[in-house]
Amino acid sequence: MSFSSRSMVTSSHRASRAARVSALVAASVLASLAIVVPEVHALGESTRVAILGVDVGPEARPLARRRLAWEVRKRTSIETVLQPGRVRLDDPRLFESPLLFWSGDRGFAELSEAESVGLRRFVEFGGFVVIDDARPDDPGFDASIRRELRRALGASLRPIARDHTIFRSFYLVDRPFGRVRGPDTVEGIEVGGRLAVVYSRHDLGGAFARDNLGTWVHPVVPGGDDQRERAIRFGVNLVMYALCLDYKDDQVHAPFIMRRRGVGPRP
Amino acid sequence: MPGGGIVALLVVVVLAALVARELRRRPPRRLAAWRVLSAIVIALVTTQPRWTVERSETTRGRVAVLVDGSRSMGVHDRSEDVARLLSRWSADAENATLHRFGSELEPASFSDVEGASVARADESALEAALEALVEGDRAGEIGAVVVVGDGASRYEGPWPDLDGRKVHTVAVGREELRDDALATLEADPVGFLRTPAEVRVTVRRLGAGGVLPITLRQGDEVVTEVTVDVPEGEAREVALPFTPRRLGRAVYTVSIPHAPDDEVPQNDERSFLVRVERDRLRVLLVAGEPTWDVRFLRAFLKRDPSIDLISFFILRTASDLTMASPDELALIPFPTDELFREHLGSFDVLLFQDFDFGPYQMAGYLPRIRDYVRRGGSFAMIGGEKSFASGGYAGTPIADVLPVLLPPVGTPASRLVVEGRFAPRVEPALVRHPLLALASDPSSSLAAWSRLAPLEGMNRVVGVREGATVLLTHPNERLPVLVTGTAEEGRVLALTTDTAWRWGPTTGGLTGDASTFERFWDRGLRWLARDPSLEPAQLTTDRERYGPEGRVRTSAVLRDARYQPLAAETIRFEMRRDGDDTPLAGADAVTDAEGRVELALRAPTEPGAYRVVARRPSDPEPIASELFVVEAGGDELADPRAQPTQLQGLAMATGGTFTTIEDAGELSSFDATRTRRLGARELAPFATPWAFLAIVGLLAAEWWARRRGGAR
């Protein structure tokens, strides 16, 4: 049994007080919200969003997913699992959550046939994989992951245009950031008209990771806290995209669609 | 030419050359004769000539007279001419039988020639009548058939095999006719709301020419009026545009003015039916938060090209801390007023998915949503921690239309949900319901349900509304999981879980088939939108337009609201004017084990829109119905000109004679001898080993004769 505790969430983020106040004001303006937040009772873990890790060896940023889940829950209406686990690609539990966060900092051996098939089916059945190179200065993980994606999905990573929905699924983001500034964009693979794989060489997890005492584990360079906040926003956008896909493309056009339709009431 | 033929030809040519060369040497006559004889035999063996001997039997039988009873025979008093002819023939008709044909073959009698020649059938299916006649003559008594008619049928053959019976034809009607007609009408049976469409008609003028106005009406309202200039004896095609303005079945009528001297005024007006639909199903999806269930449902709806989806997700709530100014967020206000006041009526289906109305000042819109449903809209509530009673809907107008009963206000939150995984129980008696029918047969469907990944958690409800159908239940708690129902004119669906997405990828991971979630919602949306193909009872007619008293062939598949076949039940089929429950005619029929039934009814005589209604004899409420129109003219009178060439062709094809009614002799003058083929025998005298031996013998004899004569 678990209760939603959003109403009790307090931010420990190092944002300025002014920014926090303006955000709260904006929150009240944006959504025409009422004051009362009803008491809610979750139906089970399957109803919540688990950002599962991929078990192909030691996890490069073991604290990152937990923090990302926490930030997503704090900032958005998405109910996340705060202690998400890891799963092997050949484990049927892979299909319990359609979102994977795969971080690595070194090359790894070829996936088994069962793991490769599992990854392909996960993506074909609607799953979304965020892959994060925790050591962009080292070619090991990069070479391994490109090899396995090509093998499993039969497709190569391509740069994602900066007008893609992942840059505006919740926050308006100019470019990706992580622990390092990294390339101007991320790469990805589309399956069935949706982005199924996003590959970042910015060490997103390094920017997210925070220990139990509330200390950020890795310094963020060169932008410091501002860059970390941008990295978190990009991470939130990725999780939001996993759940909403191109919803934002609808949303911005909806008023125009409604007016263009010019339809009257039901006869 | 086949390869064997080419070889045979070459052999013959070579033999001819050899013989010619031999003869140029002027050999003794005897040797020349041997050479010629050998060459002939070799040529015969090579070419293998065959003879076919046909055997036949000629017998004399009785005459079957077939009289055209279609309505075109009413033009120019053709049927009166036929009655006089039959009256004359009745004197020597002891060896003849009389039949009339229209939609089907019917027996008639020379003692009632007026009844035999009456023109009332809506078609003249001569080819079917001939087939039926031969089929019924098992004893082979009929020697010949005499067809008396106007040939005003569009059938051009081929004619059925009459097994040696000749068909003599007697053409009725003169070719001159004064008639303005709507000869053809073509319109798509399905139109889309507010989307321009057109009906194409052909206007033909006989005996006059000039400009004619053509009017398209819907009811009494003139939709379009155009004019067309048609020279005498010619036809012109015209397209009349129209734009359907209301959903449902619409009856349109095209007409031209009745000229005072028009001999066939019935074909001055044609009607047609259009089923007006929306071009795409309009769905409004409102989700209280992004969840996996929301994600997979929206992805399915978005991908379906037949669905026009408007979706709104609550991406943040009052308690969320975005840590950003509005300019840094891609969020817009939730347009409640625009959606639920201005445009609600434009949606076919409204989906609330894990959505609580409270925080969005929506209480004022709930009565509008309830009224939208009751007026015929469709509504589904999908579970989640913000749905049903957990979403605060108990005691609201939404609760009035839901098919489930919600726990009362004040129930503790922990009592509003059920946690834990469960495999929902399928009600076996309802497994034919389209939302449960995952496979083509019930047992396969039940097996398919058992293979699905379990659900997790559900909203607790305390019962279902009267008349609602519970399709899935929690196996232990016996609580309804999937319930369908109606709210006055609207359809409603309640799915009390938000983990149906697990029928997609999670099931796919277990079984390799991730399609169930989308199949379920495809059916769900179509059921909500009243897709006719998912109705439990379906009734169809073979045509949409009939002439007066036309034969309305009706077929139906009848199931009750639980999709159980109405097996071996007597069903009352009634003919009613559209919009009037008074039965004009009716007949009973019994269904088979699958609820199927077929029967033919007679269309009313008055032009207009009618329904065939199926109902249980004890219950006035229709189970199913179908609309059709009766036209004064219809296809039968679209071209009422006498067509003697059709009858000429039939007579020629069967070895019979053709004559006009004015020149027709006595009935006994028609040749009633029937020549039946009994078979054929093929002879191939040179296809034996003896022929080969003969060649060898001839060549040996020639060689011996040459040697004896001193030749080498």
# chains A, B, ... in the order shown; residues from 1 in each chain; ligands from 1
call {"tool": "closest_atom_pairs", "arguments": {"of": "chain B", "to": "chain A", "cutoff": "6 Å", "atoms": "only C-alpha atoms", "output": "CSV"}}
result
residue,atom,partner,partner_atom,distance
B:Glu289,CA,A:Ser77,CA,5.5
B:Pro290,CA,A:Ile78,CA,5.7
B:Arg295,CA,A:Leu243,CA,5.0
B:Leu315,CA,A:Ser77,CA,5.2
B:Arg316,CA,A:Ser77,CA,4.4
B:Thr317,CA,A:Ser77,CA,5.9
B:Ser319,CA,A:Ser7,CA,5.5
B:Asp320,CA,A:Arg75,CA,4.9
B:Leu321,CA,A:Arg75,CA,4.6
B:Thr322,CA,A:Arg75,CA,4.4
B:Met323,CA,A:Ala23,CA,5.5
B:Ala324,CA,A:Ala23,CA,5.1
B:Ser325,CA,A:Ala23,CA,5.0
B:Pro326,CA,A:Ala26,CA,5.4
B:Glu328,CA,A:Leu172,CA,5.3
B:Leu329,CA,A:Tyr171,CA,4.4
B:Ala330,CA,A:Phe170,CA,5.2
B:Pro333,CA,A:Ala31,CA,4.7
B:Phe334,CA,A:Ala31,CA,5.9
B:Gly345,CA,A:Arg266,CA,4.1
B:Ser346,CA,A:Arg266,CA,5.3
B:Pro359,CA,A:Ala34,CA,4.3
B:Tyr360,CA,A:Leu33,CA,5.2
B:Glu385,CA,A:Ala42,CA,5.4
B:Glu419,CA,A:Leu43,CA,5.4
B:Gly457,CA,A:Leu43,CA,4.4
B:Pro505,CA,A:Phe125,CA,5.0
B:Thr506,CA,A:Phe95,CA,4.7
B:Gly509,CA,A:Phe95,CA,5.7
call {"tool": "residues_around", "arguments": {"residues": "segment 25-42 of chain B", "least_positions_apart": "5", "cutoff": "6 Å", "atoms": "only C-alpha atoms", "output": "ChimeraX atom specification"}}
result
/B:15,698,702
call {"tool": "write_last_selection", "arguments": {"atoms": "C-alpha atoms", "output": "short mmCIF file (atom, residue, chain, number, x, y, z; two decimals), in the first residue's frame"}}
result
data_model
loop_
_atom_site.label_atom_id
_atom_site.label_comp_id
_atom_site.auth_asym_id
_atom_site.auth_seq_id
_atom_site.Cartn_x
_atom_site.Cartn_y
_atom_site.Cartn_z
CA LEU B 15 6.35 -37.42 -97.77
CA LEU B 698 3.90 -51.56 -97.00
CA GLU B 702 7.73 -51.90 -101.76
#
call {"tool": "select_by_dssp", "arguments": {"residues": "segment 113-171 of chain A", "states": "strand (DSSP E or B)", "output": "list in words"}}
result
Phe128, Val129, Val130, Ile131, Asp132, Asp133, Arg158, Pro159 and Tyr171 of chain A
call {"tool": "residues_around", "arguments": {"residues": "Asp105 of chain A", "least_positions_apart": "3", "cutoff": "7 Å", "atoms": "only C-alpha atoms", "output": "PDB file with N, CA and C atoms, in the first residue's frame"}}
result
ATOM      1  N   ALA A  60      26.454   2.621 -13.794  1.00  0.00           N
ATOM      2  CA  ALA A  60      27.408   3.736 -13.715  1.00  0.00           C
ATOM      3  C   ALA A  60      26.963   4.783 -12.701  1.00  0.00           C
ATOM      4  N   ASP A 133      25.508   7.867 -21.574  1.00  0.00           N
ATOM      5  CA  ASP A 133      26.944   7.578 -21.511  1.00  0.00           C
ATOM      6  C   ASP A 133      27.532   8.405 -20.371  1.00  0.00           C
ATOM      7  N   ALA A 134      27.927   7.717 -19.303  1.00  0.00           N
ATOM      8  CA  ALA A 134      28.428   8.433 -18.131  1.00  0.00           C
ATOM      9  C   ALA A 134      29.876   8.878 -18.305  1.00  0.00           C
ATOM     10  N   ARG A 135      30.542   8.334 -19.319  1.00  0.00           N
ATOM     11  CA  ARG A 135      31.924   8.782 -19.579  1.00  0.00           C
ATOM     12  C   ARG A 135      32.062   9.099 -21.068  1.00  0.00           C
ATOM     13  N   PHE A 141      31.842   2.602 -23.796  1.00  0.00           N
ATOM     14  CA  PHE A 141      30.393   2.394 -23.732  1.00  0.00           C
ATOM     15  C   PHE A 141      29.749   2.779 -25.060  1.00  0.00           C
TER      16      PHE A 141
END
call {"tool": "residues_around", "arguments": {"residues": "Pro84 of chain A", "least_positions_apart": "6", "cutoff": "7 Å", "atoms": "only C-alpha atoms", "output": "number ranges by chain"}}
result
A: 50-52, 66
call {"tool": "residues_around", "arguments": {"residues": "segment 350-352 of chain B", "least_positions_apart": "4", "cutoff": "7 Å", "atoms": "only C-alpha atoms", "output": "PDB file with C-alpha atoms, in the first residue's frame"}}
result
ATOM      1  CA  VAL B 283     -12.973  11.497 -29.382  1.00  0.00           C
ATOM      2  CA  LEU B 284     -12.164  13.714 -26.424  1.00  0.00           C
ATOM      3  CA  LEU B 285      -9.725  12.130 -23.984  1.00  0.00           C
ATOM      4  CA  VAL B 286      -9.167  13.867 -20.668  1.00  0.00           C
ATOM      5  CA  ALA B 287      -6.540  12.368 -18.376  1.00  0.00           C
ATOM      6  CA  SER B 378     -20.975   8.220 -25.446  1.00  0.00           C
ATOM      7  CA  PHE B 379     -18.986   8.325 -22.246  1.00  0.00           C
ATOM      8  CA  ALA B 380     -16.410   6.066 -20.667  1.00  0.00           C
ATOM      9  CA  MET B 381     -14.722   6.379 -17.319  1.00  0.00           C
ATOM     10  CA  ILE B 382     -11.444   4.543 -16.935  1.00  0.00           C
TER      11      ILE B 382
END
call {"tool": "residues_around", "arguments": {"residues": "Ser116 of chain A", "least_positions_apart": "4", "cutoff": "12 Å", "atoms": "only C-alpha atoms", "output": "list in words"}}
result
Val56, Arg88, Leu89, Asp90, Asp91, Glu110, Leu111, Ser112, Arg120, Arg121, Phe122, Val123, Ile145, Arg147, Glu148, Leu149, Arg150, Arg151, Ala152, Leu153 and Gly154 of chain A
call {"tool": "write_last_selection", "arguments": {"atoms": "N, CA and C atoms", "output": "CSV table (one decimal), in the first residue's frame"}}
result
chain,number,residue,atom,x,y,z
A,56,VAL,N,23.1,-4.9,-17.0
A,56,VAL,CA,24.1,-5.5,-17.9
A,56,VAL,C,25.5,-5.4,-17.3
A,88,ARG,N,17.1,-7.4,-16.0
A,88,ARG,CA,17.8,-7.9,-17.1
A,88,ARG,C,17.0,-7.8,-18.4
A,89,LEU,N,17.6,-7.7,-19.5
A,89,LEU,CA,16.9,-7.6,-20.7
A,89,LEU,C,16.3,-8.9,-21.2
A,90,ASP,N,16.7,-10.0,-20.5
A,90,ASP,CA,16.1,-11.3,-20.9
A,90,ASP,C,15.1,-11.7,-19.8
A,91,ASP,N,14.7,-10.8,-18.9
A,91,ASP,CA,13.8,-11.1,-17.8
A,91,ASP,C,12.4,-10.7,-18.2
A,110,GLU,N,29.2,-8.5,-25.6
A,110,GLU,CA,27.9,-8.7,-26.4
A,110,GLU,C,26.8,-9.2,-25.6
A,111,LEU,N,25.6,-8.6,-25.8
A,111,LEU,CA,24.4,-9.2,-25.2
A,111,LEU,C,24.1,-10.6,-25.7
A,112,SER,N,23.5,-11.4,-24.8
A,112,SER,CA,23.1,-12.7,-25.3
A,112,SER,C,22.0,-12.6,-26.3
A,120,ARG,N,14.7,-5.8,-28.3
A,120,ARG,CA,13.9,-5.5,-29.5
A,120,ARG,C,12.4,-5.6,-29.2
A,121,ARG,N,12.0,-6.6,-28.5
A,121,ARG,CA,10.6,-6.7,-28.2
A,121,ARG,C,10.1,-5.6,-27.3
A,122,PHE,N,11.0,-5.2,-26.4
A,122,PHE,CA,10.6,-4.1,-25.5
A,122,PHE,C,10.3,-2.9,-26.3
A,123,VAL,N,11.2,-2.6,-27.2
A,123,VAL,CA,11.0,-1.4,-28.0
A,123,VAL,C,9.8,-1.5,-29.0
A,145,ILE,N,27.3,0.3,-27.1
A,145,ILE,CA,25.9,0.5,-27.1
A,145,ILE,C,25.4,0.7,-28.6
A,147,ARG,N,26.8,-0.8,-31.1
A,147,ARG,CA,26.8,-2.2,-31.6
A,147,ARG,C,25.6,-2.9,-31.3
A,148,GLU,N,25.2,-2.9,-30.0
A,148,GLU,CA,24.0,-3.6,-29.6
A,148,GLU,C,22.7,-3.1,-30.1
A,149,LEU,N,22.6,-1.8,-30.2
A,149,LEU,CA,21.4,-1.2,-30.8
A,149,LEU,C,21.2,-1.6,-32.3
A,150,ARG,N,22.4,-1.6,-33.0
A,150,ARG,CA,22.3,-2.0,-34.4
A,150,ARG,C,21.9,-3.5,-34.5
A,151,ARG,N,22.4,-4.3,-33.6
A,151,ARG,CA,22.1,-5.7,-33.7
A,151,ARG,C,20.7,-6.0,-33.3
A,152,ALA,N,20.2,-5.3,-32.2
A,152,ALA,CA,18.9,-5.6,-31.7
A,152,ALA,C,17.8,-5.0,-32.5
A,153,LEU,N,18.0,-3.8,-33.0
A,153,LEU,CA,16.9,-3.0,-33.6
A,153,LEU,C,17.2,-2.9,-35.1
A,154,GLY,N,18.3,-3.3,-35.6
A,154,GLY,CA,18.6,-3.1,-37.0
A,154,GLY,C,18.6,-1.7,-37.5
call {"tool": "atom_distance", "arguments": {"atom1": "atom CA of Pro139 of chain A", "atom2": "atom CA of Arg106 of chain A"}}
result
7.8 Å
call {"tool": "closest_residue", "arguments": {"among": "B:Leu479, B:Ala139, B:Val597, B:Val201", "to": "Leu405 of chain B", "atoms": "only C-alpha atoms"}}
result
B:Leu479
call {"tool": "closest_residue", "arguments": {"among": "A:Ile189, A:Arg65, A:Asp249, A:Val220", "to": "Asp163 of chain A", "atoms": "only C-alpha atoms"}}
result
A:Asp249
call {"tool": "closest_residue", "arguments": {"among": "B:Glu549, B:Asp137, B:Glu342, B:Glu682", "to": "Glu606 of chain B", "atoms": "only C-alpha atoms"}}
result
B:Glu549
call {"tool": "select_by_dssp", "arguments": {"residues": "segment 414-513 of chain B", "states": "helix (DSSP H, G or I)", "output": "list in words"}}
result
Ser414, Arg415, Pro428, Ala429, Leu430, Pro442, Ser443, Ser444, Ser445, Leu446, Ala447, Ala448, Trp449, Ser450, Ala500, Trp501, Arg502, Trp503, Pro505, Thr506, Thr507, Gly508, Gly509, Leu510 and Thr511 of chain B
call {"tool": "atom_distance", "arguments": {"atom1": "atom CA of Asp371 of chain B", "atom2": "atom CA of Thr499 of chain B"}}
result
29.3 Å
call {"tool": "atom_distance", "arguments": {"atom1": "atom CA of Asp188 of chain B", "atom2": "atom CA of Leu281 of chain B"}}
result
19.5 Å
